[in-house]
Amino acid sequence: MSAQYCIFQKPSLIYYRNISIILSQKQVQKKMKLAHFSQQKNALRFSRLQIYIIRHQQYLKCQSHKMMNHQMYKYRIYSFQKVIQVSNQDKGILDLSKVYDEFEKEYINLQDLLYRTFLTKGRLFHHERILCWFPKYLQHFDETLDQMMNREDVLPITWKYYLSIMAVSCYDCEYLLKIQEEQFLLWGGDIKWLTDGIKVVDRKLQKIGELNELLAFRPWAISQTHIDQLVRDGESHRFNWSTHEILQAGSILASYHSLCGLIFGNGIKEDIDIALTFEKSSVSKHKNQSANLLKSDLNQLELEKTIGYLQCQNEDDDEDSNHNFDEKDQDSDSDLNLNSSSLSPSTKALDSVQELEEEHHNDDNLKRLEIFRKHRSNMLDRYVDYNKAQEASLQDLSDYSWEFQGVDLYSRYLPELIELMQNQIDYAMKMTKNTYGNAANLNTNDFRQSISVYLMLIHGIRDDQFNYTKINKTLLIHHKRFIKKIGCQPNQVTQSEYDELSTLLSTSEKCHICILIMETKKQIELLWLTKAVNQCINQ
């Protein structure tokens, strides 16, 4: 399922819609003659500069991305500088070299950050544009992905991008799939891996398919046995994974699993000029709808419950700590299930109509699903709720946590990467404007922490240092439903669920919630992975 709606509001920045890689100076000159610039309110975009991505055998034969043709690199710099030059000449265009960061309470050079991002990838993707709401976080985000994906170390770069393709295929994220396929080819990847899928990739990569799906759908089920199968099992040592390789692959899988939540949570659509499509049939689109609550009711709930509690925190309202999250204190689990039993009658009626409308598109839907399934082992196909009765017990963070044991393990094998990853996570968890909609000067720490702790509890992780009664005091049922959807099966999120998340929060604040969910999910997956790896090492 791909996003059917795009609800983010555009930040005030320059758009570069169709700037792409060109292989010869003659092509540049021909295209530039057709180019002209048009000014809009707070953005400058190329209106008729339609330079499409040219796939050449000469480029695919390049030894590496670092050996890029000098003319291509020079053109990308020229194009970006031309946009900046024109924008500086026009009046009324926002100066991106001095943008006020509401989180850091200081002015930053956003233009320089976008400049470096553009030179690295040749474009600014939609998810990077909306992250301009959070300039410092965008900087951490780009630095981490660059270190993770574009550095030649224990895993080949093409393998890294195929791992990311495997990851986004778990959640049917077409937006990220096209981006990663494009990058995979630009780094010299074999196009057969994209057309035929996991069955033709290196056998060593095939072995990690099960771990990919476990991380996405049942991370608590990862055990020492799964790691042993990767490390020791196999007819040849060439197909065995080292601990170093498993940790690097795990960081890529977890990062792109969580990034799918940001994409679906904000309804981000694909760039219209990404020409790569490796399926023969057109992809059918369908709409998801659910019943909407009255706006006034939601406003009243948020005003009385969430904002009321946060305002009390400013008055240092001390309450007795109750670490038990009993069934009587939490909202009914049936309201949070990700199956049809949790839907209201009106929603079920809409779904029934939708099913009738989609009967004519079954063939297209099956072909569409095959686009993602061919990159997976297909041992698991959906998220499974954590069953307290069947599982041994909740994982207590006092016994094993990502911040201590997990980070320590990564520090031994990937010290540079883990430093950047942890900086990104730490900043995401602490950044705040101390606002909730129009209500200012609030202590939002409990609200932000409740989001993280609630998602961890869903995945079988418990923090004895947290007062779990705060969850029901700060989060409404709509908050919880949205958190669970984004953290467990983001491809099922609908626009109406996004709208029902809050009627008071701004679009950027909703994006902030998606960032918190994304970073928490990443920690959850890496916690369960490193625990199994540590058990394997200690044995």
# chains A, B, ... in the order shown; residues from 1 in each chain; ligands from 1
call {"tool": "closest_atom_pairs", "arguments": {"of": "range 228-248 of chain A", "to": "range 409-414 of chain A", "cutoff": "12 Å", "atoms": "only C-alpha atoms", "output": "tab-separated table"}}
result
residue	atom	partner	partner_atom	distance
A:Ser242	CA	A:Tyr413	CA	10.8
A:Thr243	CA	A:Tyr413	CA	8.3
A:His244	CA	A:Tyr413	CA	5.8
A:Glu245	CA	A:Tyr413	CA	9.2
A:Ile246	CA	A:Tyr413	CA	10.4
A:Leu247	CA	A:Tyr410	CA	7.2
A:Gln248	CA	A:Leu414	CA	7.6
call {"tool": "residues_around", "arguments": {"residues": "Ser506 in chain A", "least_positions_apart": "5", "cutoff": "12 Å", "atoms": "only C-alpha atoms", "output": "PDB file with N, CA, C and O atoms, in the first residue's frame"}}
result
ATOM      1  N   ILE A   7      -0.513  15.150   3.276  1.00  0.00           N
ATOM      2  CA  ILE A   7      -1.110  16.128   4.150  1.00  0.00           C
ATOM      3  C   ILE A   7      -0.104  17.074   4.786  1.00  0.00           C
ATOM      4  O   ILE A   7      -0.474  17.912   5.573  1.00  0.00           O
ATOM      5  N   PHE A   8       1.176  16.932   4.474  1.00  0.00           N
ATOM      6  CA  PHE A   8       2.110  17.848   5.102  1.00  0.00           C
ATOM      7  C   PHE A   8       2.063  19.202   4.408  1.00  0.00           C
ATOM      8  O   PHE A   8       1.848  19.299   3.219  1.00  0.00           O
ATOM      9  N   GLN A   9       2.279  20.243   5.177  1.00  0.00           N
ATOM     10  CA  GLN A   9       2.336  21.585   4.622  1.00  0.00           C
ATOM     11  C   GLN A   9       3.782  21.874   4.247  1.00  0.00           C
ATOM     12  O   GLN A   9       4.691  21.554   4.983  1.00  0.00           O
ATOM     13  N   TRP A 133      11.290  21.095   9.032  1.00  0.00           N
ATOM     14  CA  TRP A 133      10.682  21.614  10.256  1.00  0.00           C
ATOM     15  C   TRP A 133      11.609  21.418  11.460  1.00  0.00           C
ATOM     16  O   TRP A 133      11.497  22.133  12.454  1.00  0.00           O
ATOM     17  N   THR A 435       4.984  23.112  23.566  1.00  0.00           N
ATOM     18  CA  THR A 435       3.650  23.530  23.148  1.00  0.00           C
ATOM     19  C   THR A 435       2.815  22.300  22.804  1.00  0.00           C
ATOM     20  O   THR A 435       3.335  21.231  22.515  1.00  0.00           O
ATOM     21  N   TYR A 436       1.504  22.483  22.847  1.00  0.00           N
ATOM     22  CA  TYR A 436       0.561  21.473  22.370  1.00  0.00           C
ATOM     23  C   TYR A 436      -0.529  22.230  21.642  1.00  0.00           C
ATOM     24  O   TYR A 436      -1.443  22.782  22.260  1.00  0.00           O
ATOM     25  N   GLY A 437      -0.410  22.293  20.313  1.00  0.00           N
ATOM     26  CA  GLY A 437      -1.326  23.147  19.560  1.00  0.00           C
ATOM     27  C   GLY A 437      -1.076  24.607  19.901  1.00  0.00           C
ATOM     28  O   GLY A 437       0.058  25.095  19.850  1.00  0.00           O
ATOM     29  N   ASN A 438      -2.127  25.303  20.285  1.00  0.00           N
ATOM     30  CA  ASN A 438      -2.000  26.709  20.653  1.00  0.00           C
ATOM     31  C   ASN A 438      -1.609  26.920  22.104  1.00  0.00           C
ATOM     32  O   ASN A 438      -1.312  28.048  22.510  1.00  0.00           O
ATOM     33  N   ALA A 439      -1.622  25.850  22.901  1.00  0.00           N
ATOM     34  CA  ALA A 439      -1.241  25.962  24.309  1.00  0.00           C
ATOM     35  C   ALA A 439       0.283  25.993  24.421  1.00  0.00           C
ATOM     36  O   ALA A 439       0.963  25.077  23.946  1.00  0.00           O
ATOM     37  N   TYR A 498      -5.249   9.755  10.668  1.00  0.00           N
ATOM     38  CA  TYR A 498      -4.331  10.881  10.845  1.00  0.00           C
ATOM     39  C   TYR A 498      -5.089  12.116  11.327  1.00  0.00           C
ATOM     40  O   TYR A 498      -4.641  12.820  12.239  1.00  0.00           O
ATOM     41  N   ASP A 499      -6.235  12.379  10.720  1.00  0.00           N
ATOM     42  CA  ASP A 499      -7.039  13.538  11.119  1.00  0.00           C
ATOM     43  C   ASP A 499      -7.546  13.393  12.555  1.00  0.00           C
ATOM     44  O   ASP A 499      -7.605  14.372  13.303  1.00  0.00           O
ATOM     45  N   LEU A 501      -6.124  11.833  14.921  1.00  0.00           N
ATOM     46  CA  LEU A 501      -5.038  11.846  15.906  1.00  0.00           C
ATOM     47  C   LEU A 501      -5.169  13.055  16.814  1.00  0.00           C
ATOM     48  O   LEU A 501      -5.012  12.958  18.034  1.00  0.00           O
ATOM     49  N   CYS A 511       3.971  15.471  12.799  1.00  0.00           N
ATOM     50  CA  CYS A 511       5.212  14.912  12.257  1.00  0.00           C
ATOM     51  C   CYS A 511       6.201  14.621  13.377  1.00  0.00           C
ATOM     52  O   CYS A 511       6.926  13.618  13.337  1.00  0.00           O
ATOM     53  N   HIS A 512       6.223  15.479  14.382  1.00  0.00           N
ATOM     54  CA  HIS A 512       7.083  15.264  15.551  1.00  0.00           C
ATOM     55  C   HIS A 512       6.706  13.961  16.260  1.00  0.00           C
ATOM     56  O   HIS A 512       7.578  13.189  16.682  1.00  0.00           O
ATOM     57  N   ILE A 513       5.411  13.701  16.379  1.00  0.00           N
ATOM     58  CA  ILE A 513       4.960  12.441  16.989  1.00  0.00           C
ATOM     59  C   ILE A 513       5.451  11.255  16.170  1.00  0.00           C
ATOM     60  O   ILE A 513       5.916  10.239  16.722  1.00  0.00           O
TER      61      ILE A 513
END
call {"tool": "residues_around", "arguments": {"residues": "Cys260 in chain A", "least_positions_apart": "2", "cutoff": "12 Å", "atoms": "only C-alpha atoms", "output": "VMD selection string"}}
result
chain A and resid 1 to 3 127 164 to 165 167 to 177 216 253 to 258 262 to 268 485 to 493 514 to 515 517 to 519 521 to 522
